[in-house]
file protein-v1.pdb (PDB, C-alpha atoms and all ligand atoms)
ATOM      1  CA  MET Z  86     -13.456 -25.889  63.998
ATOM      2  CA  ARG Z  87     -13.312 -24.179  60.623
ATOM      3  CA  TYR Z  88      -9.821 -23.437  59.393
ATOM      4  CA  LYS Z  89      -8.289 -22.070  56.223
ATOM      5  CA  ILE Z  90      -6.040 -24.775  54.878
ATOM      6  CA  VAL Z  91      -3.524 -25.037  52.103
ATOM      7  CA  ALA Z  92      -2.779 -28.742  51.696
ATOM      8  CA  GLY Z  93      -0.353 -30.313  49.249
ATOM      9  CA  ASN Z  94      -0.998 -33.799  47.912
ATOM     10  CA  TRP Z  95       2.321 -34.911  46.479
ATOM     11  CA  LYS Z  96       0.800 -38.170  45.178
ATOM     12  CA  MET Z  97       3.501 -40.618  43.956
ATOM     13  CA  ASN Z  98       6.104 -37.977  43.124
ATOM     14  CA  LEU Z  99       9.580 -36.804  44.217
ATOM     15  CA  ASN Z 100      12.541 -38.717  45.570
ATOM     16  CA  GLN Z 101      13.681 -38.638  49.191
ATOM     17  CA  GLN Z 102      16.082 -35.769  48.772
ATOM     18  CA  GLN Z 103      13.479 -33.669  46.925
ATOM     19  CA  ALA Z 104      10.832 -34.466  49.550
ATOM     20  CA  ILE Z 105      13.105 -33.319  52.360
ATOM     21  CA  GLN Z 106      14.155 -30.215  50.452
ATOM     22  CA  LEU Z 107      10.548 -29.249  49.755
ATOM     23  CA  THR Z 108       9.536 -29.782  53.390
ATOM     24  CA  ASN Z 109      12.517 -27.730  54.475
ATOM     25  CA  ASP Z 110      11.660 -24.900  52.076
ATOM     26  CA  ILE Z 111       8.036 -24.739  53.254
ATOM     27  CA  ASN Z 112       9.196 -24.891  56.875
ATOM     28  CA  GLU Z 113      11.568 -22.023  56.251
ATOM     29  CA  TYR Z 114       8.871 -19.973  54.536
ATOM     30  CA  LEU Z 115       6.562 -20.491  57.514
ATOM     31  CA  SER Z 116       9.330 -19.551  59.951
ATOM     32  CA  ASN Z 117       9.771 -16.233  58.168
ATOM     33  CA  HIS Z 118       6.150 -15.271  57.548
ATOM     34  CA  ASP Z 119       3.255 -14.588  59.857
ATOM     35  CA  LEU Z 120       0.176 -16.490  58.758
ATOM     36  CA  ALA Z 121      -3.247 -15.472  59.959
ATOM     37  CA  ARG Z 122      -4.137 -17.471  63.101
ATOM     38  CA  GLN Z 123      -6.697 -19.698  61.365
ATOM     39  CA  VAL Z 124      -4.469 -20.667  58.413
ATOM     40  CA  LYS Z 125      -2.919 -24.128  58.419
ATOM     41  CA  VAL Z 126      -0.551 -25.796  55.973
ATOM     42  CA  VAL Z 127      -0.510 -29.551  55.432
ATOM     43  CA  ILE Z 128       1.653 -31.759  53.228
ATOM     44  CA  HIS Z 129       0.895 -35.311  52.140
ATOM     45  CA  PRO Z 130       4.229 -36.821  51.058
ATOM     46  CA  PRO Z 131       4.504 -40.374  49.713
ATOM     47  CA  LEU Z 132       4.492 -42.962  52.504
ATOM     48  CA  PRO Z 133       8.230 -43.861  52.522
ATOM     49  CA  TYR Z 134       9.179 -40.213  53.166
ATOM     50  CA  LEU Z 135       6.507 -39.336  55.718
ATOM     51  CA  ALA Z 136       8.484 -39.860  58.911
ATOM     52  CA  ASN Z 137      11.452 -38.015  57.515
ATOM     53  CA  CYS Z 138       9.327 -35.045  56.436
ATOM     54  CA  VAL Z 139       7.757 -34.839  59.908
ATOM     55  CA  ASN Z 140      11.260 -34.430  61.337
ATOM     56  CA  TYR Z 141      11.969 -31.410  59.161
ATOM     57  CA  ILE Z 142       9.164 -29.357  60.675
ATOM     58  CA  SER Z 143      10.517 -27.118  63.377
ATOM     59  CA  GLU Z 144       8.904 -26.954  66.809
ATOM     60  CA  LYS Z 145       7.930 -23.333  66.233
ATOM     61  CA  ASN Z 146       5.830 -24.276  63.173
ATOM     62  CA  SER Z 147       4.298 -27.417  64.625
ATOM     63  CA  THR Z 148       0.854 -25.907  65.268
ATOM     64  CA  THR Z 149       0.627 -24.425  61.758
ATOM     65  CA  PHE Z 150       2.411 -26.995  59.641
ATOM     66  CA  GLY Z 151       1.099 -30.562  59.653
ATOM     67  CA  VAL Z 152       1.758 -33.769  57.794
ATOM     68  CA  GLY Z 153      -0.725 -36.341  56.586
ATOM     69  CA  GLY Z 154      -0.849 -39.699  54.869
ATOM     70  CA  GLN Z 155      -2.400 -40.108  51.421
ATOM     71  CA  ASN Z 156      -4.277 -43.225  52.489
ATOM     72  CA  CYS Z 157      -4.649 -45.672  55.378
ATOM     73  CA  TYR Z 158      -6.151 -49.074  56.048
ATOM     74  CA  THR Z 159      -9.122 -50.073  58.175
ATOM     75  CA  GLN Z 160      -7.208 -52.127  60.769
ATOM     76  CA  ALA Z 161      -4.846 -51.169  63.574
ATOM     77  CA  SER Z 162      -2.495 -54.108  63.000
ATOM     78  CA  GLY Z 163      -2.368 -57.625  61.613
ATOM     79  CA  ALA Z 164      -1.647 -59.721  58.559
ATOM     80  CA  TYR Z 165      -2.399 -57.109  55.896
ATOM     81  CA  THR Z 166       0.713 -57.092  53.737
ATOM     82  CA  GLY Z 167       1.469 -53.720  52.225
ATOM     83  CA  GLU Z 168      -1.098 -51.739  54.214
ATOM     84  CA  THR Z 169      -0.618 -48.912  56.703
ATOM     85  CA  ALA Z 170      -2.624 -48.598  59.908
ATOM     86  CA  PRO Z 171      -3.901 -45.151  60.827
ATOM     87  CA  GLU Z 172      -2.258 -45.754  64.223
ATOM     88  CA  MET Z 173       1.092 -46.022  62.422
ATOM     89  CA  LEU Z 174       0.571 -42.668  60.718
ATOM     90  CA  LYS Z 175      -0.291 -41.171  64.092
ATOM     91  CA  ASP Z 176       2.726 -42.852  65.671
ATOM     92  CA  ILE Z 177       5.184 -41.172  63.303
ATOM     93  CA  GLY Z 178       3.650 -37.740  63.858
ATOM     94  CA  CYS Z 179       0.976 -37.382  61.176
ATOM     95  CA  GLN Z 180      -2.156 -35.453  62.113
ATOM     96  CA  TYR Z 181      -4.135 -35.916  58.899
ATOM     97  CA  VAL Z 182      -4.992 -38.543  56.322
ATOM     98  CA  LEU Z 183      -6.607 -38.249  52.900
ATOM     99  CA  ILE Z 184      -9.538 -40.610  52.481
ATOM    100  CA  GLY Z 185     -11.472 -41.239  49.291
ATOM    101  CA  HIS Z 186      -9.259 -39.444  46.805
ATOM    102  CA  SER Z 187     -10.649 -40.000  43.306
ATOM    103  CA  GLU Z 188      -7.441 -41.799  42.304
ATOM    104  CA  ARG Z 189      -8.007 -44.302  45.145
ATOM    105  CA  ARG Z 190     -11.620 -44.708  44.070
ATOM    106  CA  LYS Z 191     -10.619 -45.197  40.433
ATOM    107  CA  TYR Z 192      -7.456 -47.313  40.553
ATOM    108  CA  PHE Z 193      -8.060 -49.215  43.798
ATOM    109  CA  ASN Z 194     -11.833 -49.569  43.592
ATOM    110  CA  GLU Z 195     -12.421 -47.957  46.966
ATOM    111  CA  ASN Z 196     -16.141 -47.845  47.550
ATOM    112  CA  HIS Z 197     -18.424 -45.958  49.912
ATOM    113  CA  SER Z 198     -18.517 -48.606  52.629
ATOM    114  CA  LEU Z 199     -14.739 -49.119  52.660
ATOM    115  CA  LEU Z 200     -14.290 -45.353  52.870
ATOM    116  CA  ALA Z 201     -16.768 -45.146  55.746
ATOM    117  CA  GLU Z 202     -14.704 -47.745  57.600
ATOM    118  CA  LYS Z 203     -11.462 -45.898  56.877
ATOM    119  CA  VAL Z 204     -12.989 -42.689  58.208
ATOM    120  CA  ASP Z 205     -14.028 -44.464  61.428
ATOM    121  CA  LYS Z 206     -10.615 -46.020  61.974
ATOM    122  CA  ALA Z 207      -8.742 -42.821  61.190
ATOM    123  CA  LEU Z 208     -10.855 -40.981  63.754
ATOM    124  CA  GLU Z 209     -10.299 -43.746  66.307
ATOM    125  CA  ALA Z 210      -6.550 -43.374  65.789
ATOM    126  CA  GLY Z 211      -6.822 -39.639  66.445
ATOM    127  CA  LEU Z 212      -6.186 -38.508  62.863
ATOM    128  CA  THR Z 213      -8.157 -35.818  61.046
ATOM    129  CA  PRO Z 214      -9.596 -37.330  57.870
ATOM    130  CA  ILE Z 215      -9.588 -35.108  54.805
ATOM    131  CA  PHE Z 216     -12.465 -36.714  52.954
ATOM    132  CA  CYS Z 217     -12.308 -36.232  49.173
ATOM    133  CA  CYS Z 218     -15.401 -36.140  47.012
ATOM    134  CA  GLY Z 219     -16.173 -34.998  43.487
ATOM    135  CA  GLU Z 220     -17.904 -35.913  40.258
ATOM    136  CA  LEU Z 221     -16.726 -37.175  36.860
ATOM    137  CA  LEU Z 222     -17.230 -34.995  33.790
ATOM    138  CA  ASP Z 223     -20.261 -36.909  32.495
ATOM    139  CA  ILE Z 224     -22.026 -36.390  35.812
ATOM    140  CA  ARG Z 225     -21.274 -32.660  35.700
ATOM    141  CA  GLU Z 226     -22.554 -32.514  32.124
ATOM    142  CA  ALA Z 227     -25.718 -34.366  33.086
ATOM    143  CA  GLY Z 228     -26.291 -31.758  35.788
ATOM    144  CA  THR Z 229     -26.473 -34.306  38.609
ATOM    145  CA  HIS Z 230     -23.174 -33.308  40.261
ATOM    146  CA  GLU Z 231     -24.674 -31.950  43.454
ATOM    147  CA  ALA Z 232     -26.734 -35.064  44.087
ATOM    148  CA  HIS Z 233     -23.694 -37.222  43.296
ATOM    149  CA  VAL Z 234     -21.372 -35.484  45.738
ATOM    150  CA  GLU Z 235     -24.074 -35.320  48.396
ATOM    151  CA  ALA Z 236     -24.459 -39.101  48.071
ATOM    152  CA  GLN Z 237     -20.694 -39.536  48.533
ATOM    153  CA  LEU Z 238     -20.939 -37.662  51.829
ATOM    154  CA  SER Z 239     -24.083 -39.356  52.896
ATOM    155  CA  GLU Z 240     -22.769 -42.882  52.248
ATOM    156  CA  SER Z 241     -19.333 -42.507  53.812
ATOM    157  CA  LEU Z 242     -19.765 -39.811  56.468
ATOM    158  CA  PHE Z 243     -23.352 -39.421  57.604
ATOM    159  CA  HIS Z 244     -23.233 -42.453  59.904
ATOM    160  CA  LEU Z 245     -20.970 -40.335  62.140
ATOM    161  CA  SER Z 246     -22.182 -38.663  65.303
ATOM    162  CA  LYS Z 247     -22.232 -34.887  65.198
ATOM    163  CA  ALA Z 248     -19.156 -34.806  67.439
ATOM    164  CA  ASP Z 249     -17.213 -37.070  65.084
ATOM    165  CA  PHE Z 250     -18.428 -35.354  61.924
ATOM    166  CA  SER Z 251     -17.113 -32.079  63.354
ATOM    167  CA  LYS Z 252     -13.579 -33.514  63.153
ATOM    168  CA  ILE Z 253     -13.780 -34.117  59.390
ATOM    169  CA  ILE Z 254     -12.345 -31.861  56.689
ATOM    170  CA  ILE Z 255     -13.940 -32.128  53.256
ATOM    171  CA  ALA Z 256     -12.126 -31.618  49.967
ATOM    172  CA  TYR Z 257     -14.321 -31.108  46.915
ATOM    173  CA  GLU Z 258     -12.283 -32.211  43.921
ATOM    174  CA  PRO Z 259     -14.185 -32.392  40.627
ATOM    175  CA  VAL Z 260     -12.461 -35.269  38.852
ATOM    176  CA  TRP Z 261     -12.505 -33.438  35.509
ATOM    177  CA  ALA Z 262     -10.369 -30.697  37.059
ATOM    178  CA  ILE Z 263      -7.689 -32.941  38.601
ATOM    179  CA  GLY Z 264      -4.377 -32.763  36.786
ATOM    180  CA  THR Z 265      -6.085 -31.435  33.659
ATOM    181  CA  GLY Z 266      -5.273 -27.751  33.918
ATOM    182  CA  VAL Z 267      -9.031 -27.122  33.764
ATOM    183  CA  THR Z 268     -10.193 -25.705  37.044
ATOM    184  CA  ALA Z 269     -13.736 -25.323  38.297
ATOM    185  CA  SER Z 270     -14.712 -21.687  38.031
ATOM    186  CA  PRO Z 271     -14.895 -19.871  41.371
ATOM    187  CA  GLU Z 272     -18.704 -19.876  40.959
ATOM    188  CA  GLN Z 273     -18.834 -23.635  40.314
ATOM    189  CA  ALA Z 274     -16.683 -24.242  43.407
ATOM    190  CA  GLN Z 275     -18.747 -21.858  45.521
ATOM    191  CA  ASP Z 276     -22.047 -23.407  44.384
ATOM    192  CA  MET Z 277     -20.908 -26.908  45.287
ATOM    193  CA  HIS Z 278     -19.417 -25.870  48.629
ATOM    194  CA  ALA Z 279     -22.615 -24.023  49.532
ATOM    195  CA  ALA Z 280     -24.681 -27.061  48.494
ATOM    196  CA  LEU Z 281     -22.511 -29.282  50.709
ATOM    197  CA  ARG Z 282     -23.012 -26.966  53.661
ATOM    198  CA  GLN Z 283     -26.740 -27.221  53.098
ATOM    199  CA  VAL Z 284     -26.775 -31.026  53.197
ATOM    200  CA  ILE Z 285     -24.565 -30.997  56.285
ATOM    201  CA  ALA Z 286     -26.975 -28.535  57.930
ATOM    202  CA  LYS Z 287     -29.891 -30.774  57.015
ATOM    203  CA  LYS Z 288     -28.213 -33.898  58.403
ATOM    204  CA  TYR Z 289     -26.661 -32.288  61.499
ATOM    205  CA  ASP Z 290     -27.362 -28.597  62.053
ATOM    206  CA  LYS Z 291     -26.447 -25.141  60.796
ATOM    207  CA  ASP Z 292     -23.620 -24.668  63.285
ATOM    208  CA  THR Z 293     -21.975 -27.921  62.237
ATOM    209  CA  ALA Z 294     -22.273 -26.912  58.581
ATOM    210  CA  GLU Z 295     -20.832 -23.456  59.242
ATOM    211  CA  ASN Z 296     -17.919 -24.944  61.172
ATOM    212  CA  THR Z 297     -16.936 -27.531  58.549
ATOM    213  CA  THR Z 298     -13.750 -26.817  56.633
ATOM    214  CA  ILE Z 299     -14.359 -27.423  52.907
ATOM    215  CA  LEU Z 300     -11.360 -27.280  50.571
ATOM    216  CA  TYR Z 301     -11.340 -27.100  46.793
ATOM    217  CA  GLY Z 302      -8.984 -29.258  44.710
ATOM    218  CA  GLY Z 303      -8.361 -29.570  40.978
ATOM    219  CA  SER Z 304      -5.752 -27.570  39.049
ATOM    220  CA  CYS Z 305      -5.553 -24.985  41.827
ATOM    221  CA  LYS Z 306      -2.444 -22.835  41.314
ATOM    222  CA  PRO Z 307      -1.136 -19.346  42.076
ATOM    223  CA  ALA Z 308      -2.983 -17.905  39.056
ATOM    224  CA  ASN Z 309      -6.451 -18.971  40.220
ATOM    225  CA  ALA Z 310      -6.067 -19.377  43.995
ATOM    226  CA  GLU Z 311      -7.205 -15.884  44.915
ATOM    227  CA  ALA Z 312     -10.453 -16.115  42.933
ATOM    228  CA  LEU Z 313     -11.206 -19.515  44.482
ATOM    229  CA  PHE Z 314     -10.199 -18.669  48.057
ATOM    230  CA  SER Z 315     -12.240 -15.437  48.004
ATOM    231  CA  GLN Z 316     -15.449 -17.440  47.720
ATOM    232  CA  PRO Z 317     -17.269 -17.437  51.055
ATOM    233  CA  ASP Z 318     -17.636 -21.217  51.312
ATOM    234  CA  VAL Z 319     -14.175 -22.161  49.994
ATOM    235  CA  ASP Z 320     -11.795 -22.639  52.922
ATOM    236  CA  GLY Z 321      -8.625 -23.306  50.983
ATOM    237  CA  GLY Z 322      -7.206 -25.859  48.617
ATOM    238  CA  LEU Z 323      -5.964 -29.389  48.232
ATOM    239  CA  ILE Z 324      -3.211 -28.843  45.723
ATOM    240  CA  GLY Z 325      -1.605 -31.507  43.520
ATOM    241  CA  GLY Z 326       0.833 -30.411  40.818
ATOM    242  CA  ALA Z 327       1.406 -26.903  42.192
ATOM    243  CA  SER Z 328       2.362 -28.330  45.615
ATOM    244  CA  LEU Z 329       5.471 -30.036  44.217
ATOM    245  CA  LYS Z 330       7.487 -26.828  43.932
ATOM    246  CA  ALA Z 331       8.214 -24.632  46.929
ATOM    247  CA  ASP Z 332       7.719 -21.392  45.003
ATOM    248  CA  SER Z 333       4.222 -22.184  43.717
ATOM    249  CA  PHE Z 334       3.079 -23.781  46.978
ATOM    250  CA  THR Z 335       4.325 -20.946  49.179
ATOM    251  CA  LYS Z 336       2.773 -18.453  46.750
ATOM    252  CA  ILE Z 337      -0.579 -20.180  47.308
ATOM    253  CA  ILE Z 338      -0.028 -19.959  51.084
ATOM    254  CA  GLU Z 339       0.698 -16.246  50.656
ATOM    255  CA  ILE Z 340      -2.534 -15.809  48.669
ATOM    256  CA  MET Z 341      -4.524 -17.659  51.347
ATOM    257  CA  THR Z 342      -3.090 -15.401  54.039
ATOM    258  CA  LYS Z 343      -3.944 -12.325  52.017
ATOM    259  CA  CYS Z 344      -7.508 -13.545  51.432
ATOM    260  CA  VAL Z 345      -8.011 -14.168  55.159
ATOM    261  CA  LYS Z 346      -6.665 -10.765  56.065
ATOM    262  CA  THR Z 347      -9.010  -8.985  53.637
ATOM    263  CA  MET Z 348     -12.106 -10.983  54.622
TER     264      MET Z 348
HETATM  265  P1  LIG Z 401      -3.959 -31.092  40.694
HETATM  266  O1  LIG Z 401      -3.817 -29.852  41.541
HETATM  267  O2  LIG Z 401      -2.681 -31.576  40.125
HETATM  268  O3  LIG Z 401      -5.065 -30.945  39.706
HETATM  269  O4  LIG Z 401      -4.421 -32.274  41.707
HETATM  270  C1  LIG Z 401      -5.456 -32.056  42.578
HETATM  271  C2  LIG Z 401      -5.555 -33.206  43.516
HETATM  272  O5  LIG Z 401      -5.888 -34.306  43.114
HETATM  273  C3  LIG Z 401      -5.197 -32.982  44.910
HETATM  274  O6  LIG Z 401      -5.568 -34.062  45.712
END
call {"tool": "encode", "arguments": {"input": "protein-v1.pdb", "output": "structure tokens"}}
result
Amino acid sequence: MRYKIVAGNWKMNLNQQQAIQLTNDINEYLSNHDLARQVKVVIHPPLPYLANCVNYISEKNSTTFGVGGQNCYTQASGAYTGETAPEMLKDIGCQYVLIGHSERRKYFNENHSLLAEKVDKALEAGLTPIFCCGELLDIREAGTHEAHVEAQLSESLFHLSKADFSKIIIAYEPVWAIGTGVTASPEQAQDMHAALRQVIAKKYDKDTAENTTILYGGSCKPANAEALFSQPDVDGGLIGGASLKADSFTKIIEIMTKCVKTM
């Protein structure tokens, strides 16, 4: 099912009190504003605050406002010191999990096959994986970015059955745009999202491609959200820096709602 999603990846930021306050502020915003039916809001707090943040979402907002982990492991339990099972995320009330963020690929050497396994286990646990993909600057400059991102999908997702692939959300995050203040232009985002839909259609079918939610991430903020979200194949954003403050994040939610209503 294709949704419009505004997701906040808090990365390794905020303390407990700030995390609760931010969750509370977003919850309050959602309680006081009508979002379009297909708009969803997700936050990815740091692991130690996850359970607490879940508890600050009121019952009334529970279908709109979801919480996700930033990572998970490939096992349900066992002697894996420091790791978190997808079942544990599910157990504390998470619905989503980020898989394959470029920071995980870069700093923790997560490769295609590990990511494929994480996707499988997250699905088995009943979580919705938000699968991140995107190219480095040199790949963009060489003009091979589409092939690169298509390979990321193909190697970590295309082993899935059509039914399982339909549960995946994709986030296209060009690495050169993450945390740099440089955003992909709306045209660059649209071109990549359209290219991804084409490879999904080729692997599965047109319906599956049309129903896949594809988010954009990389320096997305109130000033550029409307231009990005107005693109036909951009279904929302995975927001880093601008998700750490209630005013900028709720502004982006407001822009998403406006874009949906004028579509
Ligand atoms: P920024 O919005 O800070 O560029 O981060 C994007 C991101 O990595 C979200 O996962």
call {"tool": "residues_around", "arguments": {"input": "protein-v1.pdb", "residues": "Z:Gly167", "least_positions_apart": "3", "cutoff": "12 Å", "atoms": "only C-alpha atoms", "output": "ChimeraX atom specification"}}
result
/Z:132-133,156-158,162-164,170
call {"tool": "residues_around", "arguments": {"input": "protein-v1.pdb", "residues": "stretch 336-338 of chain Z", "least_positions_apart": "5", "cutoff": "8 Å", "atoms": "only C-alpha atoms", "output": "list in words"}}
result
Val91, Val126, Lys306, Pro307 and Ala310 of chain Z
call {"tool": "write_last_selection", "arguments": {"input": "protein-v1.pdb", "atoms": "C-alpha atoms", "output": "compact mmCIF listing (two decimals), in the coordinates of the input"}}
result
# COMPACT_ATOMS: atom_id res chain seq x y z
CA VAL Z 91 -3.52 -25.04 52.10
CA VAL Z 126 -0.55 -25.80 55.97
CA LYS Z 306 -2.44 -22.84 41.31
CA PRO Z 307 -1.14 -19.35 42.08
CA ALA Z 310 -6.07 -19.38 44.00
call {"tool": "resolve_selection", "arguments": {"input": "protein-v1.pdb", "expression": "the PyMOL selection byres (((chain Z and resi 203) around 9) and not hetatm)", "output": "tab-separated table (two decimals) with C-alpha atoms, keeping the file's coordinate frame"}}
result
chain	number	residue	atom	x	y	z
Z	156	ASN	CA	-4.28	-43.22	52.49
Z	157	CYS	CA	-4.65	-45.67	55.38
Z	158	TYR	CA	-6.15	-49.07	56.05
Z	159	THR	CA	-9.12	-50.07	58.18
Z	160	GLN	CA	-7.21	-52.13	60.77
Z	171	PRO	CA	-3.90	-45.15	60.83
Z	184	ILE	CA	-9.54	-40.61	52.48
Z	185	GLY	CA	-11.47	-41.24	49.29
Z	198	SER	CA	-18.52	-48.61	52.63
Z	199	LEU	CA	-14.74	-49.12	52.66
Z	200	LEU	CA	-14.29	-45.35	52.87
Z	201	ALA	CA	-16.77	-45.15	55.75
Z	202	GLU	CA	-14.70	-47.74	57.60
Z	204	VAL	CA	-12.99	-42.69	58.21
Z	205	ASP	CA	-14.03	-44.46	61.43
Z	206	LYS	CA	-10.62	-46.02	61.97
Z	207	ALA	CA	-8.74	-42.82	61.19
Z	208	LEU	CA	-10.86	-40.98	63.75
Z	214	PRO	CA	-9.60	-37.33	57.87
call {"tool": "atom_distance", "arguments": {"input": "protein-v1.pdb", "atom1": "atom CA of Z:Ser116", "atom2": "atom CA of Z:Ser333"}}
result
17.2 Å
call {"tool": "closest_atom_pairs", "arguments": {"input": "protein-v1.pdb", "of": "chain Z", "to": "ligand LIG 401 (chain Z)", "cutoff": "8 Å", "atoms": "all atoms listed in the file", "output": "JSON lines"}}
result
{"residue": "Z:Gly93", "atom": "CA", "partner": "Z:LIG401", "partner_atom": "C3", "distance": 7.0}
{"residue": "Z:Asn94", "atom": "CA", "partner": "Z:LIG401", "partner_atom": "O6", "distance": 5.1}
{"residue": "Z:Trp95", "atom": "CA", "partner": "Z:LIG401", "partner_atom": "C3", "distance": 7.9}
{"residue": "Z:Lys96", "atom": "CA", "partner": "Z:LIG401", "partner_atom": "O6", "distance": 7.6}
{"residue": "Z:His186", "atom": "CA", "partner": "Z:LIG401", "partner_atom": "O6", "distance": 6.6}
{"residue": "Z:Ser187", "atom": "CA", "partner": "Z:LIG401", "partner_atom": "O5", "distance": 7.4}
{"residue": "Z:Glu188", "atom": "CA", "partner": "Z:LIG401", "partner_atom": "O5", "distance": 7.7}
{"residue": "Z:Cys217", "atom": "CA", "partner": "Z:LIG401", "partner_atom": "O6", "distance": 7.9}
{"residue": "Z:Glu258", "atom": "CA", "partner": "Z:LIG401", "partner_atom": "O5", "distance": 6.8}
{"residue": "Z:Val260", "atom": "CA", "partner": "Z:LIG401", "partner_atom": "O5", "distance": 7.9}
{"residue": "Z:Ala262", "atom": "CA", "partner": "Z:LIG401", "partner_atom": "O3", "distance": 5.9}
{"residue": "Z:Ile263", "atom": "CA", "partner": "Z:LIG401", "partner_atom": "O3", "distance": 3.5}
{"residue": "Z:Gly264", "atom": "CA", "partner": "Z:LIG401", "partner_atom": "O3", "distance": 3.5}
{"residue": "Z:Thr265", "atom": "CA", "partner": "Z:LIG401", "partner_atom": "O3", "distance": 6.2}
{"residue": "Z:Gly266", "atom": "CA", "partner": "Z:LIG401", "partner_atom": "O3", "distance": 6.6}
{"residue": "Z:Thr268", "atom": "CA", "partner": "Z:LIG401", "partner_atom": "O3", "distance": 7.8}
{"residue": "Z:Gly302", "atom": "CA", "partner": "Z:LIG401", "partner_atom": "C1", "distance": 5.0}
{"residue": "Z:Gly303", "atom": "CA", "partner": "Z:LIG401", "partner_atom": "O3", "distance": 3.8}
{"residue": "Z:Ser304", "atom": "CA", "partner": "Z:LIG401", "partner_atom": "O3", "distance": 3.5}
{"residue": "Z:Cys305", "atom": "CA", "partner": "Z:LIG401", "partner_atom": "O1", "distance": 5.2}
{"residue": "Z:Lys306", "atom": "CA", "partner": "Z:LIG401", "partner_atom": "O1", "distance": 7.2}
{"residue": "Z:Leu323", "atom": "CA", "partner": "Z:LIG401", "partner_atom": "C3", "distance": 5.0}
{"residue": "Z:Ile324", "atom": "CA", "partner": "Z:LIG401", "partner_atom": "O1", "distance": 4.3}
{"residue": "Z:Gly325", "atom": "CA", "partner": "Z:LIG401", "partner_atom": "O1", "distance": 3.4}
{"residue": "Z:Gly326", "atom": "CA", "partner": "Z:LIG401", "partner_atom": "O2", "distance": 3.8}
{"residue": "Z:Ala327", "atom": "CA", "partner": "Z:LIG401", "partner_atom": "O1", "distance": 6.0}
{"residue": "Z:Ser328", "atom": "CA", "partner": "Z:LIG401", "partner_atom": "O1", "distance": 7.6}
call {"tool": "closest_residue", "arguments": {"input": "protein-v1.pdb", "among": "Z:Thr335, Z:Thr166, Z:Gln316, Z:Asn98", "to": "Z:Gln275", "atoms": "all atoms listed in the file"}}
result
Z:Gln316
call {"tool": "closest_residue", "arguments": {"input": "protein-v1.pdb", "among": "Z:Leu329, Z:Ala104, Z:Ile285, Z:Ala308", "to": "Z:Ser251", "atoms": "only C-alpha atoms"}}
result
Z:Ile285
call {"tool": "resolve_selection", "arguments": {"input": "protein-v1.pdb", "expression": "the PyMOL selection byres (((chain Z and resi 293) around 9) and not hetatm)", "output": "JSON, numbers by chain"}}
result
{"Z": [86, 247, 250, 251, 282, 285, 286, 289, 290, 291, 292, 294, 295, 296, 297]}
call {"tool": "residues_around", "arguments": {"input": "protein-v1.pdb", "residues": "Z:Gly154", "least_positions_apart": "6", "cutoff": "7 Å", "atoms": "all atoms listed in the file", "output": "PyMOL selection string"}}
result
chain Z and resi 129-130+132+174+179+181-183
call {"tool": "closest_residue", "arguments": {"input": "protein-v1.pdb", "among": "Z:Ala279, Z:Ala331, Z:Met348, Z:Ala256", "to": "Z:Glu311", "atoms": "only C-alpha atoms"}}
result
Z:Met348
call {"tool": "closest_residue", "arguments": {"input": "protein-v1.pdb", "among": "Z:Thr298, Z:Asp110, Z:Leu135, Z:Asn309", "to": "Z:Gln123", "atoms": "all atoms listed in the file"}}
result
Z:Thr298
call {"tool": "residues_near_point", "arguments": {"input": "protein-v1.pdb", "point": "(-22.4, -24.9, 42.4)", "cutoff": "12 Å", "atoms": "all atoms listed in the file", "output": "list in words"}}
result
Gly219, Arg225, Gly228, Thr229, His230, Glu231, Ala232, Val234, Tyr257, Pro259, Ala269, Ser270, Pro271, Glu272, Gln273, Ala274, Gln275, Asp276, Met277, His278, Ala279, Ala280, Leu281, Arg282, Gln283, Gln316, Asp318 and Val319 of chain Z
call {"tool": "closest_residue", "arguments": {"input": "protein-v1.pdb", "among": "Z:Gly322, Z:Ser315, Z:Ser246, Z:Lys145", "to": "Z:Ile128", "atoms": "only C-alpha atoms"}}
result
Z:Gly322
call {"tool": "residues_near_point", "arguments": {"input": "protein-v1.pdb", "point": "(1.5, -41.6, 62.6)", "cutoff": "6 Å", "atoms": "all atoms listed in the file", "output": "PyMOL selection string"}}
result
chain Z and resi 172-179
call {"tool": "closest_residue", "arguments": {"input": "protein-v1.pdb", "among": "Z:Phe150, Z:Tyr192, Z:Tyr301, Z:Tyr165", "to": "Z:Val127", "atoms": "all atoms listed in the file"}}
result
Z:Phe150
call {"tool": "atom_distance", "arguments": {"input": "protein-v1.pdb", "atom1": "atom CA of Z:Ile299", "atom2": "atom CA of Z:Gln155"}}
result
17.5 Å
call {"tool": "atom_distance", "arguments": {"input": "protein-v1.pdb", "atom1": "atom CA of Z:Thr347", "atom2": "atom CA of Z:Gly151"}}
result
24.6 Å
call {"tool": "axis_aligned_box", "arguments": {"input": "protein-v1.pdb", "around": "stretch 201-206 of chain Z", "padding_each_side": "3 Å", "output": "AutoDock Vina command-line options"}}
result
--center_x -13.7 --center_y -45.2 --center_z 58.9 --size_x 12.2 --size_y 11.1 --size_z 12.2
